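Visitor: Here you go, input27.txt (compact mmCIF, C-alpha atoms and all ligand atoms):
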# COMPACT_ATOMS: atom_id res chain seq x y z
CA MET L 1 -149.95 -55.58 173.02
CA SER L 2 -149.69 -55.00 176.77
CA THR L 3 -152.38 -52.98 178.55
CA PRO L 4 -151.12 -49.66 179.96
CA ASP L 5 -151.62 -49.01 183.66
CA PRO L 6 -153.60 -46.92 184.44
CA TRP L 7 -155.74 -47.80 181.43
CA PRO L 8 -157.61 -45.06 179.51
CA ALA L 9 -161.18 -46.37 179.61
CA PRO L 10 -162.80 -45.89 176.19
CA THR L 11 -165.65 -43.39 175.97
CA VAL L 12 -168.67 -44.18 173.79
CA ALA L 13 -168.91 -42.23 170.55
CA GLY L 14 -172.61 -43.05 170.06
CA ALA L 15 -175.23 -45.68 170.77
CA VAL L 16 -173.62 -49.11 171.11
CA THR L 17 -175.74 -51.88 169.63
CA THR L 18 -174.21 -55.33 169.85
CA THR L 19 -174.62 -58.94 170.94
CA VAL L 20 -172.12 -60.49 173.32
CA ALA L 21 -171.39 -64.08 174.33
CA LEU L 22 -170.02 -63.95 177.87
CA PRO L 23 -167.73 -66.41 179.68
CA GLY L 24 -169.19 -68.86 182.20
CA SER L 25 -170.26 -68.20 185.76
CA LYS L 26 -167.57 -68.23 188.44
CA SER L 27 -170.01 -69.40 191.10
CA LEU L 28 -171.37 -72.26 188.99
CA THR L 29 -167.91 -73.34 187.76
CA ASN L 30 -166.33 -73.44 191.21
CA ARG L 31 -169.27 -75.33 192.75
CA ALA L 32 -169.24 -77.82 189.87
CA LEU L 33 -165.50 -78.39 190.39
CA VAL L 34 -165.83 -78.96 194.15
CA LEU L 35 -168.76 -81.34 193.72
CA ALA L 36 -166.91 -83.21 190.98
CA ALA L 37 -163.91 -83.65 193.29
CA ILE L 38 -166.04 -85.42 195.93
CA ALA L 39 -168.27 -87.31 193.48
CA ASP L 40 -168.54 -91.06 192.97
CA GLY L 41 -166.99 -90.99 189.49
CA PRO L 42 -165.55 -88.69 186.81
CA SER L 43 -167.51 -85.53 185.92
CA VAL L 44 -167.48 -82.95 183.15
CA VAL L 45 -167.78 -79.18 183.60
CA ARG L 46 -168.81 -77.85 180.18
CA ARG L 47 -167.94 -74.31 179.06
CA ALA L 48 -166.10 -73.80 182.36
CA LEU L 49 -165.02 -70.25 183.13
CA ARG L 50 -161.27 -69.95 182.56
CA SER L 51 -160.20 -67.20 184.96
CA ARG L 52 -157.98 -66.70 188.00
CA ASP L 53 -160.63 -67.85 190.53
CA THR L 54 -161.54 -71.01 188.65
CA LEU L 55 -157.95 -71.98 187.84
CA LEU L 56 -157.08 -71.49 191.53
CA MET L 57 -159.96 -73.84 192.38
CA ALA L 58 -158.72 -76.41 189.85
CA GLN L 59 -155.20 -76.14 191.32
CA ALA L 60 -156.49 -76.47 194.89
CA LEU L 61 -158.44 -79.64 194.10
CA THR L 62 -155.46 -81.00 192.18
CA ALA L 63 -153.26 -80.37 195.23
CA LEU L 64 -155.73 -82.43 197.27
CA GLY L 65 -155.47 -85.33 194.81
CA ALA L 66 -158.19 -84.79 192.19
CA VAL L 67 -157.24 -84.92 188.51
CA VAL L 68 -158.59 -81.81 186.80
CA ASP L 69 -158.01 -81.43 183.06
CA THR L 70 -158.44 -77.76 182.19
CA SER L 71 -156.92 -77.98 178.71
CA GLY L 72 -160.14 -77.55 176.69
CA ASP L 73 -163.43 -75.66 177.08
CA ASP L 74 -164.97 -78.68 178.82
CA TRP L 75 -163.04 -79.59 181.97
CA THR L 76 -162.96 -83.19 183.19
CA VAL L 77 -162.51 -84.08 186.85
CA VAL L 78 -161.50 -87.43 188.35
CA PRO L 79 -162.40 -87.26 192.05
CA LEU L 80 -160.14 -87.30 195.08
CA ASP L 81 -158.78 -90.70 196.05
CA GLY L 82 -158.68 -90.15 199.82
CA SER L 83 -155.14 -88.93 200.42
CA VAL L 84 -153.11 -85.86 199.57
CA PRO L 85 -150.32 -86.70 197.08
CA ASP L 86 -147.01 -86.80 199.04
CA GLY L 87 -148.96 -86.18 202.27
CA VAL L 88 -148.62 -82.39 202.17
CA ALA L 89 -150.10 -79.68 199.96
CA GLU L 90 -150.37 -75.92 199.70
CA VAL L 91 -153.52 -74.18 198.52
CA ASP L 92 -153.28 -70.65 197.10
CA CYS L 93 -156.65 -68.98 197.61
CA GLY L 94 -155.59 -65.84 195.71
CA LEU L 95 -158.46 -63.44 196.37
CA ALA L 96 -161.14 -66.06 195.72
CA GLY L 97 -163.72 -66.34 198.48
CA THR L 98 -164.98 -69.58 196.95
CA VAL L 99 -161.54 -71.21 197.22
CA MET L 100 -160.87 -70.02 200.80
CA ARG L 101 -164.37 -71.07 202.01
CA PHE L 102 -165.28 -74.12 199.86
CA VAL L 103 -161.99 -76.07 199.89
CA PRO L 104 -161.30 -76.43 203.67
CA PRO L 105 -164.42 -78.59 204.29
CA VAL L 106 -163.19 -80.86 201.47
CA ALA L 107 -159.63 -80.97 202.86
CA GLY L 108 -161.00 -82.76 205.94
CA LEU L 109 -161.97 -85.65 203.65
CA VAL L 110 -158.43 -86.43 202.51
CA ALA L 111 -155.57 -87.73 204.64
CA GLY L 112 -152.72 -85.23 204.71
CA ARG L 113 -151.59 -81.80 205.77
CA VAL L 114 -152.96 -78.91 203.70
CA THR L 115 -151.84 -75.31 204.26
CA PHE L 116 -153.99 -72.43 202.97
CA ASP L 117 -152.85 -68.89 202.18
CA GLY L 118 -153.63 -66.22 199.60
CA ASP L 119 -153.15 -62.62 198.47
CA ALA L 120 -152.25 -60.07 201.14
CA HIS L 121 -155.85 -58.78 201.36
CA MET L 122 -157.21 -62.32 201.60
CA ARG L 123 -155.85 -62.52 205.14
CA GLN L 124 -158.40 -59.82 206.03
CA ARG L 125 -161.45 -61.54 204.51
CA PRO L 126 -163.66 -63.44 207.00
CA VAL L 127 -163.31 -67.23 207.30
CA GLY L 128 -163.23 -67.83 211.09
CA GLU L 129 -166.84 -69.07 211.29
CA ILE L 130 -166.04 -71.94 208.92
CA LEU L 131 -162.86 -72.89 210.75
CA THR L 132 -164.71 -72.99 214.08
CA ALA L 133 -167.53 -75.01 212.52
CA LEU L 134 -165.08 -77.50 211.01
CA ARG L 135 -163.37 -78.02 214.36
CA GLY L 136 -166.82 -78.77 215.83
CA LEU L 137 -167.52 -81.29 213.05
CA GLY L 138 -164.28 -83.18 213.73
CA VAL L 139 -161.85 -81.63 211.25
CA PRO L 140 -158.37 -80.90 212.69
CA VAL L 141 -157.77 -77.19 211.95
CA SER L 142 -154.81 -75.16 213.20
CA ASP L 143 -155.41 -72.34 215.70
CA GLY L 144 -156.48 -68.93 214.46
CA ASN L 145 -159.39 -67.44 212.59
CA ALA L 146 -157.91 -66.21 209.33
CA LEU L 147 -155.45 -67.17 206.62
CA PRO L 148 -152.91 -68.74 206.82
CA PHE L 149 -154.24 -71.96 208.39
CA THR L 150 -153.58 -75.69 208.14
CA ILE L 151 -155.98 -78.63 207.96
CA THR L 152 -154.63 -82.05 208.84
CA GLY L 153 -157.29 -84.35 207.47
CA THR L 154 -157.57 -88.02 208.41
CA GLY L 155 -159.64 -88.96 205.38
CA ALA L 156 -162.96 -89.02 207.23
CA VAL L 157 -165.11 -86.41 208.99
CA ALA L 158 -167.67 -87.23 211.67
CA GLY L 159 -170.03 -84.37 210.78
CA GLY L 160 -173.08 -83.49 212.90
CA THR L 161 -174.68 -80.26 214.08
CA VAL L 162 -173.10 -76.79 213.91
CA VAL L 163 -174.33 -73.31 214.77
CA ILE L 164 -172.72 -70.54 212.73
CA ASP L 165 -173.17 -66.83 212.18
CA ALA L 166 -173.26 -66.44 208.39
CA SER L 167 -174.20 -62.76 208.39
CA ALA L 168 -170.79 -61.87 206.92
CA SER L 169 -171.05 -64.25 203.94
CA SER L 170 -173.45 -66.79 202.46
CA GLN L 171 -170.35 -68.74 201.43
CA PHE L 172 -170.02 -70.02 205.03
CA VAL L 173 -173.26 -71.96 204.58
CA SER L 174 -172.53 -73.02 201.00
CA ALA L 175 -169.11 -74.34 202.04
CA LEU L 176 -170.49 -76.69 204.68
CA LEU L 177 -173.41 -77.73 202.45
CA LEU L 178 -171.13 -78.67 199.55
CA ALA L 179 -169.03 -81.19 201.50
CA GLY L 180 -171.63 -82.22 204.11
CA ALA L 181 -173.03 -85.29 202.34
CA ARG L 182 -169.59 -86.89 202.50
CA TYR L 183 -169.37 -86.53 206.28
CA ALA L 184 -170.27 -89.70 208.19
CA GLY L 185 -173.24 -88.11 209.94
CA GLY L 186 -174.01 -85.55 207.23
CA VAL L 187 -174.35 -82.00 208.49
CA ASP L 188 -177.05 -79.97 210.23
CA ILE L 189 -176.29 -76.23 209.96
CA CYS L 190 -178.12 -73.58 212.01
CA HIS L 191 -177.55 -69.89 211.39
CA GLU L 192 -177.80 -67.52 214.34
CA GLY L 193 -177.17 -63.83 213.72
CA ALA L 194 -178.21 -60.96 211.49
CA PRO L 195 -179.81 -61.96 208.14
CA ILE L 196 -177.56 -63.87 205.72
CA PRO L 197 -176.63 -61.93 202.55
CA SER L 198 -176.57 -63.29 199.01
CA LEU L 199 -179.25 -65.95 199.58
CA PRO L 200 -179.52 -66.83 195.86
CA HIS L 201 -176.03 -68.27 196.17
CA ILE L 202 -177.23 -70.70 198.85
CA GLU L 203 -180.13 -71.66 196.58
CA MET L 204 -177.59 -72.28 193.83
CA THR L 205 -175.64 -74.61 196.13
CA ILE L 206 -178.76 -76.56 197.11
CA ALA L 207 -179.96 -76.88 193.51
CA MET L 208 -176.58 -78.25 192.41
CA LEU L 209 -176.49 -80.71 195.32
CA ARG L 210 -179.98 -81.99 194.45
CA ASP L 211 -178.94 -82.39 190.80
CA ARG L 212 -176.35 -84.82 192.14
CA GLY L 213 -178.73 -86.86 194.28
CA VAL L 214 -177.87 -85.25 197.62
CA VAL L 215 -180.78 -84.93 200.05
CA VAL L 216 -180.98 -81.40 201.49
CA ASP L 217 -183.73 -80.32 203.88
CA ASP L 218 -184.11 -76.53 203.81
CA SER L 219 -187.72 -76.47 205.04
CA ASP L 220 -186.86 -74.44 208.17
CA THR L 221 -185.63 -70.84 207.97
CA ASP L 222 -181.91 -70.50 208.72
CA ARG L 223 -181.41 -74.27 208.99
CA TRP L 224 -180.07 -76.75 206.45
CA ARG L 225 -179.75 -80.51 206.90
CA VAL L 226 -177.69 -82.58 204.47
CA ALA L 227 -178.12 -86.36 204.67
CA PRO L 228 -174.96 -88.47 204.42
CA GLY L 229 -174.56 -90.21 201.07
CA PRO L 230 -172.80 -90.18 197.74
CA VAL L 231 -172.51 -87.18 195.43
CA THR L 232 -173.23 -88.59 192.00
CA ALA L 233 -170.92 -87.73 189.12
CA HIS L 234 -172.50 -85.12 186.86
CA ASP L 235 -172.20 -83.46 183.49
CA GLU L 236 -172.81 -79.73 184.06
CA ALA L 237 -173.16 -77.07 181.36
CA ILE L 238 -172.13 -73.73 182.87
CA GLU L 239 -174.41 -70.72 182.23
CA PRO L 240 -172.87 -67.36 181.22
CA ASP L 241 -171.87 -65.25 184.24
CA LEU L 242 -174.85 -62.95 184.74
CA SER L 243 -173.12 -60.78 187.35
CA ASN L 244 -170.33 -60.16 184.87
CA ALA L 245 -173.04 -59.14 182.39
CA ALA L 246 -173.48 -55.96 184.46
CA PRO L 247 -170.88 -53.77 182.68
CA PHE L 248 -172.09 -54.91 179.25
CA LEU L 249 -175.75 -54.22 179.95
CA ALA L 250 -174.64 -50.95 181.54
CA LEU L 251 -173.06 -50.06 178.22
CA ALA L 252 -176.53 -50.04 176.67
CA ALA L 253 -177.76 -47.82 179.51
CA VAL L 254 -174.84 -45.38 179.18
CA SER L 255 -174.79 -45.16 175.38
CA GLY L 256 -178.51 -45.31 174.68
CA GLY L 257 -177.89 -48.39 172.55
CA SER L 258 -178.99 -52.03 172.80
CA VAL L 259 -176.86 -54.83 174.19
CA THR L 260 -177.96 -58.45 173.94
CA VAL L 261 -176.33 -61.04 176.20
CA ARG L 262 -176.58 -64.39 174.46
CA ASP L 263 -177.97 -67.48 176.20
CA TRP L 264 -179.43 -65.67 179.22
CA PRO L 265 -181.12 -68.58 181.05
CA LEU L 266 -184.93 -68.65 181.34
CA SER L 267 -184.57 -69.69 184.95
CA THR L 268 -181.46 -69.49 187.09
CA THR L 269 -180.19 -69.21 190.65
CA GLN L 270 -177.57 -66.61 189.63
CA ALA L 271 -177.78 -63.30 191.50
CA GLY L 272 -177.06 -61.45 188.26
CA ASP L 273 -180.57 -62.23 187.03
CA ALA L 274 -181.68 -59.32 189.26
CA LEU L 275 -180.12 -56.97 186.68
CA ARG L 276 -183.31 -57.32 184.63
CA ASP L 277 -185.35 -55.63 187.34
CA LEU L 278 -182.69 -53.14 188.49
CA LEU L 279 -181.97 -51.80 185.00
CA ALA L 280 -185.67 -51.55 184.17
CA ARG L 281 -186.14 -49.45 187.32
CA MET L 282 -183.36 -47.13 186.15
CA GLY L 283 -185.17 -46.45 182.86
CA CYS L 284 -183.92 -49.18 180.52
CA ARG L 285 -186.08 -51.43 178.38
CA VAL L 286 -185.40 -55.08 179.19
CA GLU L 287 -186.71 -57.87 177.00
CA ARG L 288 -186.07 -61.50 176.25
CA VAL L 289 -185.23 -62.06 172.60
CA ASP L 290 -184.60 -65.28 170.67
CA ASP L 291 -180.89 -65.38 171.39
CA GLY L 292 -180.81 -64.00 174.94
CA LEU L 293 -181.60 -60.89 176.94
CA ARG L 294 -181.66 -57.43 175.35
CA VAL L 295 -181.31 -54.20 177.31
CA THR L 296 -181.94 -50.90 175.57
CA GLY L 297 -180.85 -47.70 177.27
CA PRO L 298 -182.77 -44.40 177.45
CA VAL L 299 -182.75 -42.39 174.19
CA ASP L 300 -180.28 -39.91 175.69
CA GLY L 301 -178.14 -42.65 177.22
CA TRP L 302 -176.84 -41.88 180.71
CA ARG L 303 -178.44 -38.40 180.55
CA GLY L 304 -181.82 -40.15 180.72
CA LEU L 305 -181.01 -42.61 183.54
CA GLN L 306 -183.11 -42.55 186.71
CA GLY L 307 -181.61 -43.03 190.16
CA LEU L 308 -182.42 -46.18 192.13
CA GLN L 309 -183.66 -46.92 195.64
CA ALA L 310 -182.74 -50.56 196.22
CA ASP L 311 -181.89 -53.03 198.95
CA LEU L 312 -179.10 -55.10 197.39
CA HIS L 313 -178.66 -57.50 200.36
CA ASP L 314 -179.37 -60.55 198.18
CA VAL L 315 -177.31 -59.37 195.21
CA GLY L 316 -174.42 -57.44 196.76
CA GLU L 317 -171.97 -58.44 194.04
CA LEU L 318 -173.94 -56.19 191.65
CA ALA L 319 -173.38 -53.12 193.83
CA PRO L 320 -170.22 -51.71 192.20
CA ALA L 321 -171.69 -51.69 188.65
CA ILE L 322 -175.04 -50.38 189.87
CA ALA L 323 -173.32 -47.66 191.92
CA ALA L 324 -171.43 -46.56 188.81
CA LEU L 325 -174.71 -46.18 186.91
CA CYS L 326 -176.24 -44.33 189.88
CA ALA L 327 -173.34 -41.88 189.75
CA LEU L 328 -174.35 -41.05 186.16
CA ALA L 329 -178.10 -40.91 186.86
CA GLN L 330 -180.16 -37.72 186.87
CA THR L 331 -181.92 -38.29 190.23
CA PRO L 332 -180.60 -39.41 193.63
CA SER L 333 -180.05 -43.06 194.53
CA HIS L 334 -179.86 -44.98 197.76
CA LEU L 335 -178.34 -48.47 197.86
CA SER L 336 -178.82 -50.31 201.17
CA GLY L 337 -178.46 -53.72 202.84
CA ILE L 338 -174.86 -54.22 201.74
CA ALA L 339 -172.69 -53.85 204.85
CA HIS L 340 -171.25 -57.28 204.01
CA ILE L 341 -169.58 -56.03 200.81
CA ARG L 342 -167.03 -54.31 203.07
CA GLY L 343 -165.66 -57.88 203.41
CA HIS L 344 -165.47 -58.57 199.67
CA GLU L 345 -162.33 -58.18 197.53
CA THR L 346 -161.92 -54.77 199.16
CA ASP L 347 -164.17 -52.65 201.39
CA ARG L 348 -166.42 -51.89 198.42
CA LEU L 349 -168.50 -49.19 200.13
CA ALA L 350 -165.40 -47.23 201.12
CA ALA L 351 -163.76 -47.81 197.74
CA LEU L 352 -166.82 -46.74 195.72
CA ALA L 353 -167.33 -43.62 197.84
CA LYS L 354 -163.67 -42.64 197.46
CA GLU L 355 -163.27 -43.35 193.76
CA ILE L 356 -166.60 -41.97 192.54
CA GLY L 357 -166.04 -39.01 194.86
CA GLY L 358 -162.56 -38.57 193.38
CA LEU L 359 -164.09 -37.99 189.95
CA GLY L 360 -166.41 -35.32 191.38
CA GLY L 361 -169.32 -37.58 192.37
CA ASP L 362 -171.52 -36.82 195.35
CA VAL L 363 -171.45 -40.03 197.40
CA GLU L 364 -172.36 -40.43 201.05
CA GLU L 365 -171.15 -43.63 202.71
CA HIS L 366 -173.38 -45.31 205.30
CA PRO L 367 -172.62 -48.35 207.47
CA ASP L 368 -174.72 -50.51 205.13
CA GLY L 369 -174.87 -48.64 201.85
CA LEU L 370 -174.41 -45.53 199.75
CA THR L 371 -176.41 -42.43 198.87
CA ILE L 372 -175.40 -41.10 195.44
CA ARG L 373 -176.65 -37.74 194.21
CA PRO L 374 -176.34 -36.30 190.69
CA ALA L 375 -173.10 -34.35 190.17
CA PRO L 376 -170.95 -33.66 187.11
CA LEU L 377 -168.09 -36.15 186.82
CA SER L 378 -164.72 -35.38 185.29
CA ALA L 379 -161.46 -37.02 184.24
CA GLY L 380 -159.21 -38.75 186.76
CA VAL L 381 -157.70 -42.02 187.96
CA PHE L 382 -160.15 -44.65 189.23
CA HIS L 383 -158.37 -47.04 191.64
CA THR L 384 -159.52 -50.66 191.80
CA TYR L 385 -157.93 -52.12 194.97
CA ALA L 386 -157.36 -55.44 193.14
CA ASP L 387 -161.16 -55.76 192.87
CA HIS L 388 -162.53 -56.92 189.50
CA ARG L 389 -165.91 -55.29 190.16
CA MET L 390 -164.30 -51.94 191.02
CA ALA L 391 -162.69 -52.12 187.56
CA HIS L 392 -166.13 -52.75 186.06
CA ALA L 393 -167.42 -49.65 187.89
CA GLY L 394 -164.51 -47.60 186.51
CA VAL L 395 -165.05 -48.62 182.89
CA ILE L 396 -168.80 -47.94 183.11
CA ILE L 397 -168.13 -44.38 184.27
CA GLY L 398 -165.35 -44.06 181.70
CA ALA L 399 -167.80 -45.00 178.94
CA ALA L 400 -169.69 -41.78 179.73
CA VAL L 401 -166.94 -39.49 181.05
CA PRO L 402 -163.85 -38.72 178.91
CA GLY L 403 -160.44 -39.08 180.56
CA VAL L 404 -161.14 -41.77 183.17
CA LEU L 405 -158.03 -43.89 183.78
CA VAL L 406 -158.70 -47.27 185.38
CA GLU L 407 -155.79 -48.43 187.53
CA ASN L 408 -154.99 -52.19 187.34
CA VAL L 409 -157.77 -53.08 184.90
CA GLY L 410 -155.99 -56.45 184.69
CA THR L 411 -157.55 -57.37 188.03
CA THR L 412 -160.66 -58.28 186.02
CA SER L 413 -158.88 -61.58 185.24
CA LYS L 414 -160.29 -62.82 188.57
CA THR L 415 -163.49 -63.73 186.75
CA PHE L 416 -163.14 -62.65 183.09
CA PRO L 417 -160.36 -63.47 180.60
CA ASP L 418 -159.04 -60.47 178.59
CA PHE L 419 -161.74 -58.11 179.81
CA ALA L 420 -160.06 -54.86 178.66
CA ALA L 421 -159.58 -56.09 175.08
CA PHE L 422 -163.14 -57.45 174.96
CA TRP L 423 -164.54 -54.15 176.30
CA SER L 424 -162.52 -51.98 173.89
CA GLY L 425 -163.71 -54.13 171.01
CA LEU L 426 -167.30 -53.12 171.73
CA LEU L 427 -166.80 -49.37 171.90
O1 LIG F 1 -171.08 -68.46 196.70
C1 LIG F 1 -170.72 -67.70 195.79
O2 LIG F 1 -170.34 -68.12 194.68
C2 LIG F 1 -170.75 -66.23 196.04
C3 LIG F 1 -171.48 -65.75 197.09
C4 LIG F 1 -171.56 -64.31 197.40
O3 LIG F 1 -170.70 -64.05 198.49
P1 LIG F 1 -171.16 -63.29 199.85
O4 LIG F 1 -172.25 -64.08 200.46
O5 LIG F 1 -169.91 -63.24 200.64
O6 LIG F 1 -171.65 -61.94 199.39
C5 LIG F 1 -171.14 -63.45 196.21
O7 LIG F 1 -171.05 -62.10 196.58
C6 LIG F 1 -169.84 -63.95 195.63
O8 LIG F 1 -169.44 -63.17 194.55
C7 LIG F 1 -169.99 -65.36 195.12
C1 LIG F 2 -167.49 -61.20 196.32
C2 LIG F 2 -166.98 -61.71 195.20
O1 LIG F 2 -166.11 -62.75 195.10
P1 LIG F 2 -165.62 -63.90 196.08
O2 LIG F 2 -166.09 -65.18 195.44
O3 LIG F 2 -164.14 -63.79 196.10
O4 LIG F 2 -166.23 -63.68 197.44
C3 LIG F 2 -167.35 -61.16 193.88
O5 LIG F 2 -166.99 -61.78 192.85
O6 LIG F 2 -168.02 -60.10 193.82
If you convert what's in this file into structure tokens, what do you get?
Ligand SMILES: O=C(O)C1=C[C@@H](OP(=O)(O)O)[C@@H](O)[C@H](O)C1
Ligand SMILES: C=C(OP(=O)(O)O)C(=O)O
Guide:
Amino acid sequence: MSTPDPWPAPTVAGAVTTTVALPGSKSLTNRALVLAAIADGPSVVRRALRSRDTLLMAQALTALGAVVDTSGDDWTVVPLDGSVPDGVAEVDCGLAGTVMRFVPPVAGLVAGRVTFDGDAHMRQRPVGEILTALRGLGVPVSDGNALPFTITGTGAVAGGTVVIDASASSQFVSALLLAGARYAGGVDICHEGAPIPSLPHIEMTIAMLRDRGVVVDDSDTDRWRVAPGPVTAHDEAIEPDLSNAAPFLALAAVSGGSVTVRDWPLSTTQAGDALRDLLARMGCRVERVDDGLRVTGPVDGWRGLQGLQADLHDVGELAPAIAALCALAQTPSHLSGIAHIRGHETDRLAALAKEIGGLGGDVEEHPDGLTIRPAPLSAGVFHTYADHRMAHAGVIIGAAVPGVLVENVGTTSKTFPDFAAFWSGLL
């Protein structure tokens, strides 16, 4: 049955107590695919996330000449062979930051002409720092600082030292780190600018490189040196996506029930792991249980939630779901350190202020965050701006407030297959 648009978000009838097995991490899947494409032999990505962002990554690497078999749950990748099939290729970045930022440094390593473009809004998302850095490292990149652009690779990249300003996105650093070992001189990246957001994602990149035998020196602040050398083929089991766990754990908070996310890793570089601390601070009980992580909401559900004062600079992708909970909380909240999420799938600070405000919420937008004060919320349309995490925010509020209609809930397919059906099945 097709999903109506806007979609009436289901409201909880009572405490929801359930256990969920969530799809794999977008960030881990797309890094594993890129590293497999430049590895020294075939790799396997087990329990890969099957979603728009990861299929776009598989298509992009296929366009560059890798062989990616996405037919089962475990994806196999035969690496690039040095030239683009037919000499020319087009890469659709969709709205995936990881595709737009991680694939261009790889395109320099294959001979051929590769043109990049994406969704209309993707042309607004920042990528210029990477393009400038690549030119400095010896990759022929067309003029301009945004999509669309063309890379005319020769099959080899000199590499060397680059200075970049990664204050708009950690993905600028991750992108150069991922491909750097395959550059003749490796890569030496220095960041100059305001603090880099989303640092756990850079740690994730480094950990995955080291798992594949790449030597990365991160001993100096804001500097990363990758030695030239092979990327060994690897068999990677993808963890569940902990950032996408946010709406499900929020369901426990809103309903006063208990939600267990299966297979929550004991240690991880995923930003979503911060949900344990954030939800505890809002009044939830958080505990590790045999089969995963269990969050239990306040006895009164959202009526017992505390507001939150938090700097989300490192974990900005959690901001929409956390803001939705803050809008339901009984005391004021202040979320700071997240100016960079204005450059995500949409300007998330503006979008959250407008949409929560549109339902009656009291939200004050700041250059780098939001102040959210308690206010009664009521029925209305919650617009998503093609942003999967705005849809998550809408359904969280809809779980507490009758009559919330989430526009384009299908945009969740960016990182979660059949989200609306899965969500409805739990309520
Ligand atoms: O490298 C990654 O996989 C990501 C890095 C972060 O990007 P920013 O540094 O642009 O916030 C994060 O928000 C995004 O969802 C995924
Ligand atoms: C910022 C996000 O995605 P992207 O990888 O497109 O930057 C996100 O998923 O919250």
Visitor: Residues near Phe422 in chain L, anyone? I mean within 10 Å using all atoms listed in the file, not counting same-chain ones fewer than 5 positions away, as a list in words.
Guide: Val20, Leu22, Phe416, Pro417 and Leu427 of chain L
Visitor: Using C-alpha atoms, can you export the residues from the last selection as a CSV table (one decimal), in the frame of the given file?
Guide:
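Output file out-v7.csv is given in full below:
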chain,number,residue,atom,x,y,z
L,20,VAL,CA,-172.1,-60.5,173.3
L,22,LEU,CA,-170.0,-64.0,177.9
L,416,PHE,CA,-163.1,-62.6,183.1
L,417,PRO,CA,-160.4,-63.5,180.6
L,427,LEU,CA,-166.8,-49.4,171.9
Visitor: Could you check which of L:Met208, L:Val157, L:Ala233, L:Ala120 is closest to Val77 in chain L, using all atoms listed in the file?
Guide: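 Nearest to Val77 in chain L: L:Ala233.
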Visitor: Check which residues of chain L sit at most 7 Å from ligand LIG 2 (chain F) using all atoms listed in the file, and return one row each with the closest pair of atoms and their distance in Å to one decimal, ordered by chain and rising number, as a Markdown table.
Guide:
| residue | atom | partner | partner_atom | distance |
| --- | --- | --- | --- | --- |
| L:Leu95 | CA | F:LIG2 | O3 | 5.7 |
| L:Ala96 | CA | F:LIG2 | O3 | 3.8 |
| L:Gly97 | CA | F:LIG2 | O3 | 3.5 |
| L:Thr98 | CA | F:LIG2 | O2 | 4.8 |
| L:Glu317 | CA | F:LIG2 | O6 | 4.3 |
| L:His344 | CA | F:LIG2 | C1 | 4.7 |
| L:Glu345 | CA | F:LIG2 | O3 | 6.1 |
| L:Arg389 | CA | F:LIG2 | O6 | 6.4 |
Visitor: Got time to write the residues from that selection, C-alpha atoms, as a PDB file, keeping the file's coordinate frame?
Guide:
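part20.pdb was written with the following content:
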ATOM      1  CA  LEU L  95    -158.460 -63.440 196.370  1.00  0.00           C
ATOM      2  CA  ALA L  96    -161.140 -66.060 195.720  1.00  0.00           C
ATOM      3  CA  GLY L  97    -163.720 -66.340 198.480  1.00  0.00           C
ATOM      4  CA  THR L  98    -164.980 -69.580 196.950  1.00  0.00           C
ATOM      5  CA  GLU L 317    -171.970 -58.440 194.040  1.00  0.00           C
ATOM      6  CA  HIS L 344    -165.470 -58.570 199.670  1.00  0.00           C
ATOM      7  CA  GLU L 345    -162.330 -58.180 197.530  1.00  0.00           C
ATOM      8  CA  ARG L 389    -165.910 -55.290 190.160  1.00  0.00           C
TER       9      ARG L 389
END
Visitor: For Leu109 in chain L, which of L:Trp423, L:Trp75, L:Tyr183, L:Phe149 is the closest residue, counting only C-alpha atoms?
Guide: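 The closest residue to Leu109 in chain L is L:Tyr183.
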Visitor: I'd like to know which of L:Ile196, L:Cys284, L:Val45, L:Ala13 is closest to ligand LIG 1 (chain F), using only C-alpha atoms and all ligand atoms.
Guide: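 Selected residue with least distance to ligand LIG 1 (chain F): L:Ile196.
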Visitor: Pick the closest to ligand LIG 1 (chain F) from L:Leu318, L:Leu137, L:Val406, L:Met390: which is it, counting only C-alpha atoms and all ligand atoms?
Guide: L:Leu318
Visitor: Using all atoms listed in the file, which of the listed residues (L:Gly301, L:Leu275, L:Gly307, L:Leu325) sits closest to Val12 in chain L?
Guide: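 Looking at the shortest contact to Val12 in chain L, the residue is L:Gly301.
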Visitor: So how far away is CA of Ala323 in chain L from CA of Gly337 in chain L, in Å?
Guide: 13.5 Å
Visitor: Between CA of Val259 in chain L and CA of Asp273 in chain L, measure the distance and give it in Å to one decimal.
Guide: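 Taking CA of Val259 in chain L and CA of Asp273 in chain L, their separation equals 15.3 Å.
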Visitor: Taking a cut-off of 12 Å and counting only C-alpha atoms, can you build a table that, for each residue of range 14-117 of chain L near range 130-135 of chain L, reports the nearest atom pair and how far apart they are in Å (one decimal), sorted by chain then residue number, as a Markdown table?
Guide:
| residue | atom | partner | partner_atom | distance |
| --- | --- | --- | --- | --- |
| L:Met100 | CA | L:Ile130 | CA | 9.8 |
| L:Arg101 | CA | L:Ile130 | CA | 7.2 |
| L:Phe102 | CA | L:Ile130 | CA | 9.3 |
| L:Val103 | CA | L:Ile130 | CA | 10.7 |
| L:Pro104 | CA | L:Leu131 | CA | 8.1 |
| L:Pro105 | CA | L:Leu134 | CA | 6.8 |
| L:Val106 | CA | L:Leu134 | CA | 10.3 |
| L:Ala107 | CA | L:Leu134 | CA | 10.4 |
| L:Gly108 | CA | L:Leu134 | CA | 8.4 |
| L:Leu109 | CA | L:Leu134 | CA | 11.4 |
| L:Phe116 | CA | L:Leu131 | CA | 11.8 |
Visitor: For Phe382 in chain L, which of L:Gly398, L:Pro367, L:Gly136, L:Gly160 is the closest residue, counting only C-alpha atoms?
Guide: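 Of the candidates, the smallest distance to Phe382 in chain L is held by L:Gly398.
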